[in-house]
Structures are given as structure tokens and as C-alpha cells.
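J.: Okay, so here is upload_5.txt, and as you'll see once you scroll down, it has compact mmCIF, C-alpha atoms (C1' of nucleotides).
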# COMPACT_ATOMS: atom_id res chain seq x y z
CA MET F 66 0.00 0.00 0.00
CA LYS F 67 2.63 2.48 -0.90
CA ASN F 68 0.19 3.74 -3.51
CA LYS F 69 -1.71 6.75 -2.15
CA LYS F 70 -4.49 6.64 -4.74
CA LYS F 71 -5.25 3.03 -3.94
CA GLN F 72 -5.40 3.83 -0.24
CA VAL F 73 -7.98 6.54 -0.90
CA GLN F 74 -9.98 4.12 -2.99
CA LEU F 75 -9.83 1.54 -0.25
CA ARG F 76 -11.28 4.08 2.14
CA ASP F 77 -14.13 4.70 -0.26
CA VAL F 78 -14.75 1.00 -0.57
CA GLN F 79 -14.77 0.62 3.19
CA ASP F 80 -17.30 3.44 3.51
CA VAL F 81 -19.64 1.76 1.06
CA ILE F 82 -19.14 -1.64 2.63
CA ASP F 83 -20.04 -0.11 5.93
CA ILE F 84 -23.26 1.27 4.52
CA ILE F 85 -24.62 -1.78 2.77
CA GLY F 86 -22.79 -4.35 4.84
CA GLY F 87 -23.73 -5.54 8.26
CA ARG F 88 -26.57 -7.83 9.11
CA TRP F 89 -29.46 -5.46 8.52
CA ARG F 90 -28.73 -2.28 6.58
CA GLY F 91 -29.15 -3.88 3.18
CA ALA F 92 -32.47 -5.38 4.20
CA ILE F 93 -33.73 -2.07 5.57
CA LEU F 94 -32.79 -0.22 2.39
CA ALA F 95 -34.38 -2.95 0.28
CA SER F 96 -37.58 -2.79 2.29
CA LEU F 97 -37.77 0.98 1.97
CA CYS F 98 -37.05 0.69 -1.74
CA ASP F 99 -40.50 -0.83 -2.02
CA LYS F 100 -42.23 2.12 -0.31
CA PRO F 101 -41.93 4.35 2.75
CA LYS F 102 -42.70 2.52 5.96
CA ARG F 103 -43.30 3.06 9.65
CA PHE F 104 -41.09 1.68 12.41
CA ASN F 105 -43.17 -1.34 13.33
CA GLU F 106 -44.02 -1.93 9.72
CA LEU F 107 -40.30 -2.23 8.97
CA LYS F 108 -39.87 -4.46 11.97
CA ARG F 109 -42.57 -6.83 10.76
CA ASP F 110 -41.36 -6.75 7.18
CA ILE F 111 -37.75 -7.51 7.99
CA GLY F 112 -38.55 -10.23 10.44
CA ASP F 113 -36.20 -11.07 13.24
CA ILE F 114 -34.66 -7.69 13.93
CA THR F 115 -34.98 -6.40 17.50
CA PRO F 116 -36.16 -2.84 18.10
CA ARG F 117 -32.81 -1.85 19.60
CA ILE F 118 -30.97 -2.80 16.45
CA LEU F 119 -33.60 -1.35 14.15
CA THR F 120 -33.41 2.00 15.96
CA LYS F 121 -29.65 1.97 15.74
CA GLU F 122 -29.52 1.10 12.06
CA LEU F 123 -32.18 3.64 11.14
CA LYS F 124 -30.23 6.36 12.93
CA TYR F 125 -27.08 5.33 11.10
CA LEU F 126 -28.81 5.39 7.72
CA GLU F 127 -30.40 8.74 8.51
CA MET F 128 -27.04 10.22 9.50
CA ASN F 129 -25.75 9.07 6.15
CA LYS F 130 -28.62 10.79 4.37
CA LEU F 131 -29.83 7.57 2.81
CA ILE F 132 -33.20 7.67 4.51
CA SER F 133 -35.30 10.38 6.09
CA ARG F 134 -37.48 10.29 9.16
CA LYS F 135 -40.74 12.21 9.28
CA ALA F 136 -42.79 12.20 12.44
CA ASP F 137 -46.29 13.53 12.88
CA THR F 138 -47.97 13.50 16.30
CA THR F 139 -48.86 9.87 16.21
CA SER F 140 -46.55 8.00 13.88
CA VAL F 141 -43.20 8.08 12.12
CA LEU F 142 -42.48 7.50 8.47
CA TYR F 143 -39.13 6.39 7.10
CA SER F 144 -38.37 6.76 3.41
CA LEU F 145 -35.43 6.61 1.04
CA THR F 146 -33.84 9.88 0.03
CA GLU F 147 -32.67 10.61 -3.49
CA HIS F 148 -29.21 9.69 -2.31
CA GLY F 149 -30.59 6.44 -1.00
CA TYR F 150 -32.17 5.62 -4.34
CA SER F 151 -28.85 6.32 -6.04
CA LEU F 152 -27.53 3.16 -4.42
CA ASP F 153 -29.86 1.06 -6.51
CA PRO F 154 -27.72 0.66 -9.66
CA LEU F 155 -24.64 -0.03 -7.57
CA ILE F 156 -26.43 -2.77 -5.70
CA GLY F 157 -27.56 -4.12 -9.05
CA ALA F 158 -23.94 -4.36 -10.17
CA ILE F 159 -22.94 -6.05 -6.93
CA VAL F 160 -25.73 -8.58 -7.25
CA GLN F 161 -24.60 -9.36 -10.78
CA TRP F 162 -21.04 -10.01 -9.78
CA GLY F 163 -22.27 -12.01 -6.81
CA GLN F 164 -24.27 -14.30 -9.07
CA LYS F 165 -21.31 -14.82 -11.36
CA HIS F 166 -19.17 -15.50 -8.31
CA ARG F 167 -21.50 -18.20 -7.09
CA GLU F 168 -21.34 -19.84 -10.47
CA VAL F 169 -17.55 -19.77 -10.39
CA ILE F 170 -17.45 -21.25 -6.92
CA LEU F 171 -20.01 -23.96 -7.60
CA ALA F 172 -18.65 -24.92 -11.00
CA GLU F 173 -15.98 -27.62 -11.38
CA PRO F 174 -16.18 -28.92 -7.80
CA SER F 175 -12.43 -29.08 -7.59
CA LEU F 176 -10.78 -29.06 -10.91
CA ALA F 177 -7.79 -27.29 -9.47
CA MET T 179 -38.82 -9.04 3.16
CA LYS T 180 -41.75 -10.99 1.88
CA ASN T 181 -40.19 -10.57 -1.56
CA LYS T 182 -38.23 -13.73 -2.45
CA LYS T 183 -36.23 -12.13 -5.27
CA LYS T 184 -34.99 -9.37 -2.98
CA GLN T 185 -33.94 -11.95 -0.42
CA VAL T 186 -31.84 -13.75 -3.01
CA GLN T 187 -30.28 -10.47 -4.05
CA LEU T 188 -29.49 -9.65 -0.45
CA ARG T 189 -27.68 -12.94 -0.14
CA ASP T 190 -25.61 -12.09 -3.19
CA VAL T 191 -24.79 -8.70 -1.77
CA GLN T 192 -23.76 -10.27 1.51
CA ASP T 193 -21.46 -12.68 -0.31
CA VAL T 194 -19.72 -9.85 -2.12
CA ILE T 195 -19.51 -7.74 1.01
CA ASP T 196 -17.89 -10.64 2.73
CA ILE T 197 -15.28 -10.89 0.02
CA ILE T 198 -14.21 -7.30 -0.25
CA GLY T 199 -15.23 -6.26 3.23
CA GLY T 200 -13.38 -6.90 6.39
CA ARG T 201 -10.30 -5.11 7.52
CA TRP T 202 -7.82 -6.58 5.05
CA ARG T 203 -9.24 -8.41 2.08
CA GLY T 204 -9.66 -5.29 -0.04
CA ALA T 205 -6.10 -4.25 0.69
CA ILE T 206 -4.74 -7.67 -0.21
CA LEU T 207 -6.61 -7.74 -3.50
CA ALA T 208 -5.49 -4.20 -4.28
CA SER T 209 -1.89 -5.08 -3.55
CA LEU T 210 -2.02 -8.15 -5.77
CA CYS T 211 -3.71 -6.12 -8.48
CA ASP T 212 -0.38 -4.38 -8.87
CA LYS T 213 1.56 -7.61 -9.40
CA PRO T 214 1.96 -11.10 -7.91
CA LYS T 215 3.69 -11.06 -4.56
CA ARG T 216 5.23 -13.30 -1.97
CA PHE T 217 3.95 -13.68 1.58
CA ASN T 218 6.37 -11.36 3.31
CA GLU T 219 6.24 -8.97 0.41
CA LEU T 220 2.49 -8.66 0.93
CA LYS T 221 3.02 -8.29 4.63
CA ARG T 222 5.42 -5.40 4.15
CA ASP T 223 3.28 -3.78 1.48
CA ILE T 224 0.09 -3.85 3.48
CA GLY T 225 1.68 -2.67 6.65
CA ASP T 226 0.23 -3.56 10.00
CA ILE T 227 -1.24 -6.96 9.28
CA THR T 228 -0.05 -9.84 11.45
CA PRO T 229 1.03 -13.10 9.83
CA ARG T 230 -1.79 -15.00 11.44
CA ILE T 231 -4.39 -12.76 9.85
CA LEU T 232 -2.60 -12.62 6.52
CA THR T 233 -2.48 -16.41 6.34
CA LYS T 234 -6.15 -16.62 7.18
CA GLU T 235 -7.22 -14.03 4.65
CA LEU T 236 -5.08 -15.52 1.89
CA LYS T 237 -6.66 -18.92 2.51
CA TYR T 238 -10.11 -17.38 2.36
CA LEU T 239 -9.36 -15.60 -0.91
CA GLU T 240 -7.86 -18.74 -2.38
CA MET T 241 -10.91 -20.79 -1.41
CA ASN T 242 -12.99 -18.21 -3.22
CA LYS T 243 -10.82 -18.56 -6.33
CA LEU T 244 -9.87 -14.92 -6.32
CA ILE T 245 -6.17 -15.57 -5.85
CA SER T 246 -3.90 -18.52 -6.49
CA ARG T 247 -0.97 -19.79 -4.49
CA LYS T 248 2.06 -21.23 -6.20
CA ALA T 249 4.88 -22.64 -4.11
CA ASP T 250 8.27 -23.68 -5.34
CA THR T 251 10.81 -25.24 -2.98
CA THR T 252 11.90 -21.99 -1.48
CA SER T 253 9.15 -19.41 -1.76
CA VAL T 254 5.45 -18.89 -2.40
CA LEU T 255 3.83 -16.61 -4.93
CA TYR T 256 0.32 -15.25 -4.63
CA SER T 257 -1.44 -13.80 -7.65
CA LEU T 258 -4.90 -12.73 -8.75
CA THR T 259 -6.91 -15.19 -10.82
CA GLU T 260 -9.04 -14.16 -13.77
CA HIS T 261 -11.98 -14.22 -11.43
CA GLY T 262 -10.08 -11.96 -9.06
CA TYR T 263 -9.41 -9.46 -11.82
CA SER T 264 -13.09 -9.47 -12.70
CA LEU T 265 -13.71 -7.68 -9.43
CA ASP T 266 -11.88 -4.64 -10.71
CA PRO T 267 -14.75 -2.88 -12.54
CA LEU T 268 -17.09 -3.56 -9.65
CA ILE T 269 -14.67 -2.01 -7.22
CA GLY T 270 -14.39 0.91 -9.61
CA ALA T 271 -18.15 1.42 -9.43
CA ILE T 272 -18.11 1.17 -5.66
CA VAL T 273 -15.32 3.73 -5.40
CA GLN T 274 -17.29 6.09 -7.61
CA TRP T 275 -20.39 5.89 -5.50
CA GLY T 276 -18.28 6.22 -2.38
CA GLN T 277 -16.78 9.45 -3.63
CA LYS T 278 -20.19 10.85 -4.46
CA HIS T 279 -21.38 9.73 -1.05
CA ARG T 280 -18.62 11.60 0.71
CA GLU T 281 -19.55 14.72 -1.20
CA VAL T 282 -23.16 14.34 -0.15
CA ILE T 283 -22.21 13.85 3.47
CA LEU T 284 -19.73 16.70 3.61
CA ALA T 285 -21.89 19.17 1.68
CA GLU T 286 -24.29 21.49 3.53
CA PRO T 287 -22.93 20.80 7.03
CA SER T 288 -26.43 20.56 8.42
CA LEU T 289 -29.01 22.13 6.25
CA ALA T 290 -31.58 19.73 7.55
C1' DA G 262 28.62 -22.31 11.91
C1' DA G 263 25.88 -18.49 12.73
C1' DA G 264 22.81 -15.00 11.38
C1' DA G 265 19.07 -13.71 8.76
C1' DC G 266 15.24 -14.44 5.83
C1' DC G 267 11.17 -17.21 4.45
C1' DA G 268 6.38 -18.83 5.29
C1' DC G 269 4.01 -19.76 8.42
C1' DT G 270 1.51 -21.75 13.35
C1' DA G 271 0.08 -21.47 18.36
C1' DT G 272 -1.82 -19.30 22.26
C1' DC G 273 -3.99 -15.86 24.35
C1' DC G 274 -6.52 -11.51 24.64
C1' DT G 275 -9.58 -7.42 23.33
C1' DT G 276 -12.99 -5.23 20.86
C1' DT G 277 -17.24 -4.95 18.64
C1' DA G 278 -21.47 -6.33 16.35
C1' DG G 279 -25.40 -8.05 17.27
C1' DG G 280 -29.04 -10.46 20.12
C1' DA G 281 -32.42 -11.39 24.38
C1' DT G 282 -35.40 -9.55 27.41
C1' DA G 283 -37.67 -6.23 29.68
C1' DC G 284 -39.46 -1.97 30.09
C1' DC G 285 -41.33 3.05 29.05
C1' DA G 286 -44.31 7.07 27.55
C1' DC G 287 -47.75 8.28 24.64
C1' DA G 288 -52.02 7.91 21.95
C1' DC G 289 -56.27 5.82 20.48
C1' DC G 290 -60.12 2.80 20.85
C1' DA G 291 -64.03 0.53 23.13
C1' DT S 260 -60.44 3.05 32.23
C1' DG S 261 -58.15 -0.63 30.67
C1' DG S 262 -56.34 -2.91 26.68
C1' DT S 263 -53.95 -2.38 22.35
C1' DG S 264 -50.72 -0.34 19.12
C1' DT S 265 -46.83 2.80 18.20
C1' DG S 266 -42.01 4.11 18.66
C1' DG S 267 -38.86 3.47 20.94
C1' DT S 268 -34.80 2.72 25.65
C1' DA S 269 -32.09 0.21 29.11
C1' DT S 270 -29.42 -3.57 30.63
C1' DC S 271 -27.11 -7.47 29.99
C1' DC S 272 -24.93 -11.16 27.29
C1' DT S 273 -22.68 -13.92 23.45
C1' DA S 274 -20.04 -14.90 19.50
C1' DA S 275 -16.97 -13.75 16.12
C1' DA S 276 -13.40 -10.94 14.16
C1' DG S 277 -9.23 -9.42 14.72
C1' DG S 278 -4.76 -8.24 17.28
C1' DA S 279 -0.25 -9.18 20.24
C1' DT S 280 3.41 -11.93 20.96
C1' DA S 281 6.11 -15.76 20.54
C1' DG S 282 7.88 -19.70 18.32
C1' DT S 283 8.88 -23.29 14.40
C1' DG S 284 11.19 -25.56 10.61
C1' DG S 285 13.41 -24.85 6.54
C1' DT S 286 16.74 -22.25 3.38
C1' DT S 287 20.15 -19.08 1.91
C1' DT S 288 23.76 -16.00 2.81
C1' DT S 289 28.41 -14.77 4.71
Write out the structure in this file as C-alpha cells.
T.:
Amino acid sequence: MKNKKKQVQLRDVQDVIDIIGGRWRGAILASLCDKPKRFNELKRDIGDITPRILTKELKYLEMNKLISRKADTTSVLYSLTEHGYSLDPLIGAIVQWGQKHREVILAEPSLA
Amino acid sequence: MKNKKKQVQLRDVQDVIDIIGGRWRGAILASLCDKPKRFNELKRDIGDITPRILTKELKYLEMNKLISRKADTTSVLYSLTEHGYSLDPLIGAIVQWGQKHREVILAEPSLA
DNA sequence: AAAACCACTATCCTTTAGGATACCACACCA
DNA sequence: TGGTGTGGTATCCTAAAGGATAGTGGTTTT
């Protein structure tokens, strides 16, 4: 890692990994991609997530301007921001490579 | 997450995250992108990594067919496979989004 | 023959992500 | 007025990733 440019790129990669990595953030973004949702609605949709974690992840995503939180007196609505939507094509590309990767791994069981 | 297709995609994303995420795997791939290297050469190039971790990560990357290990009597050479190189454009796309993301985050310090 | 380099392995420890469980304040509904 | 739903907090715990430090067996170098 003498190469400065590569180090900067690695930092960028780490930032993105941090955003869509982890156990839940991808699932939350995917769920909100469908439509804006309320807290408990997200909780039900995602499944096994505990409220503590959901709160934490939502705060993280909000801080990163990927989702927005709008509260009226009685309920709270989370939705993707423009910036959040801009992740969509990137995730598409990742999914594509991931599929190819699985093929590579599963093919030729061990034709080393 | 009722949506089956999205669940499959999430699994793909997780797989990819697992490969390029983590503290070191990105750095190892980046270093080998430059040219094939020997164990201690990688160690020096990457910097603070301990041999235990480097061994572990190299094994992981080899299992995933992203790098190959060639040993002659006296030394060992690690290099990217074709499959490993195929990650390059994806990482390029991730870096791009990451740069845009940093701009979004740093812009308008808090014009909420 | 000794020192240094190579590619590791072994043991132990710390940090962190994430989970389990319980609880809280508020509103609304019957 | 008590139960139900909403949007969370608080406290504690576990597991897994990763780090520190030391050592090993071979080779090559001087």
C-alpha cells in the first residue's frame, strides 16, 4: 500500500461496505425501496430484527442521508432519500457479480 | 422481506460484502492487483497486518478462487486469478459511488 | 557455523457487532 | 379506564473478528 491513490480508494470501498454491509442495513434499504414505511411496519417486514438494532440502524442510515425520518404527532415515516435511491444501480452491479461468483465457486467442484 | 427475489439479491450482496469487506481483504486484492507477490512482500506492502491474519485471509481468498498460491521449494507466490481481476470494474463502481457519497455527506454541514 | 530471511503456526486476549429480554411514555379505541 | 398499538430505551450477554506476541522448521547467505 505504498500507492496513495489506492489507499484513498480503499477508504471509499470501506465506507460503502459499511453502509450496505452488516446484518441489517441492506435489508432495511431494500424494504424501503419498495415504499416508505413506519417503524413497526419495517420491523414486521424484515422479520427477526430487534427494536434496539432497528433504531440503531435507522439512525445510522439517517445520518448518512440515505433515509429520512418524518414524524407527525402519532406515527413516524421512514423513506429513502434521493441519495438512497442512487444506491440502486450499484447494488444491481454487486448482485450481478455475486451471481457470477457463485457460479464460479459452484462450478468444477475441484478441478484445481 | 416478503419478496423472495430481494432476499436472493441480499444474499448475493452479503457474499460480495464478505469478500471485499473486512479489515484486510480489499487491501490484499489491491496489492495483488499491482503484481503477484510473496507472503512477506504482501506483509510489508500492506503494513500492520499480522502473519496469522494474513495467512487466514489468503486462505479465504484462495478458497474463493480470487487468488492462487504457487509454491516452489523456497518461496510462495500469490497472484490474482481471472476471477479476481473481474472484481476490478465492480470495485471501480463502488469507489465512484463512495466518492459521491462523501460529497453528499460533507456538503451542507447541516441544512436539515 | 551463525545470522538472517522465508512462510508460516500457536496461544492468548480485546474489541465490537449483534441479540435477548424487559421496560417506558404516549395515543387511540371501546 | 383498561387494553392495544406505536415508537422506541435500558441492561445485559454472546459470539466472532481481529490483534499481540512468541515460536517453528526450513533455506540461503556470509
J.: In Å, with one decimal, what is the gap from atom CA of T:Gly225 to atom CA of F:Ile85?
T.: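 Those two atoms sit 26.6 Å apart.
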J.: Residues of chain G within 10 Å of chain T, counting all atoms listed in the file, what are they? List them as a list in words.
T.: DC266, DC267, DA268, DC269, DT270 and DA271 of chain G
J.: When you draw a straight line from atom CA of T:Lys184 to atom CA of T:Leu239, how long is it in Å?
T.: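 Interatomic distance, atom CA of T:Lys184 to atom CA of T:Leu239: 26.5 Å.
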J.: With the cut-off set at 6 Å and counting all atoms listed in the file, tabulate each residue of chain T with an atom at most that distance from an atom of chain F, showing the nearest atom pair and its distance in Å to one decimal, ordered by chain and increasing number, as a Markdown table.
T.:
| residue | atom | partner | partner_atom | distance |
| --- | --- | --- | --- | --- |
| T:Met179 | CA | F:Ile111 | CA | 5.2 |
| T:Gln187 | CA | F:Val160 | CA | 5.9 |
| T:Asp190 | CA | F:Gly163 | CA | 4.9 |
| T:Val191 | CA | F:Val160 | CA | 5.6 |
| T:Val194 | CA | F:Gly163 | CA | 5.8 |
| T:Asp223 | CA | F:Met66 | CA | 5.2 |
| T:Ile224 | CA | F:Met66 | CA | 5.2 |
| T:Val273 | CA | F:Asp77 | CA | 5.4 |
| T:Gly276 | CA | F:Asp77 | CA | 4.9 |
J.: Quick one: pull the distance between atom CA of F:Tyr125 and atom C1' of S:DG277, Å, one decimal.
T.: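 These two atoms are separated by 23.4 Å.
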J.: Near G:DA265, counting only C-alpha atoms (C1' of nucleotides), which residues have an atom at most 12 Å away, once you skip same-chain residues fewer than 5 positions from it, shown as a PyMOL selection string?
T.: chain S and resi 286-289
J.: Once 3 Å is added on each side, what centre and edge lengths in Å to one decimal does the axis-aligned box around all listed atoms of stretch 276-289 of chain G have, as AutoDock Vina command-line options?
T.:
--center_x -34.6 --center_y -1.6 --center_z 23.2 --size_x 49.3 --size_y 25.7 --size_z 19.7
J.: Return the single residue from S:DA269, S:DA274, S:DT260, S:DA279 that is closest to chain F, with distances computed using only C-alpha atoms (C1' of nucleotides).
T.: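 Checking each of S:DA269, S:DA274, S:DT260, S:DA279 against chain F, counting only C-alpha atoms (C1' of nucleotides), the winner is S:DA269.
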J.: Taking all atoms listed in the file into account, which of F:Glu168, F:Lys70, F:Glu106, F:Ile114 comes nearest chain S?
T.: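 Checking each candidate against chain S, we get F:Glu106 as the closest.
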J.: Once you count all atoms listed in the file, which residues of chain S turn out to be within 12 Å of chain F? Could you give them as a count of residues only?
T.: 7
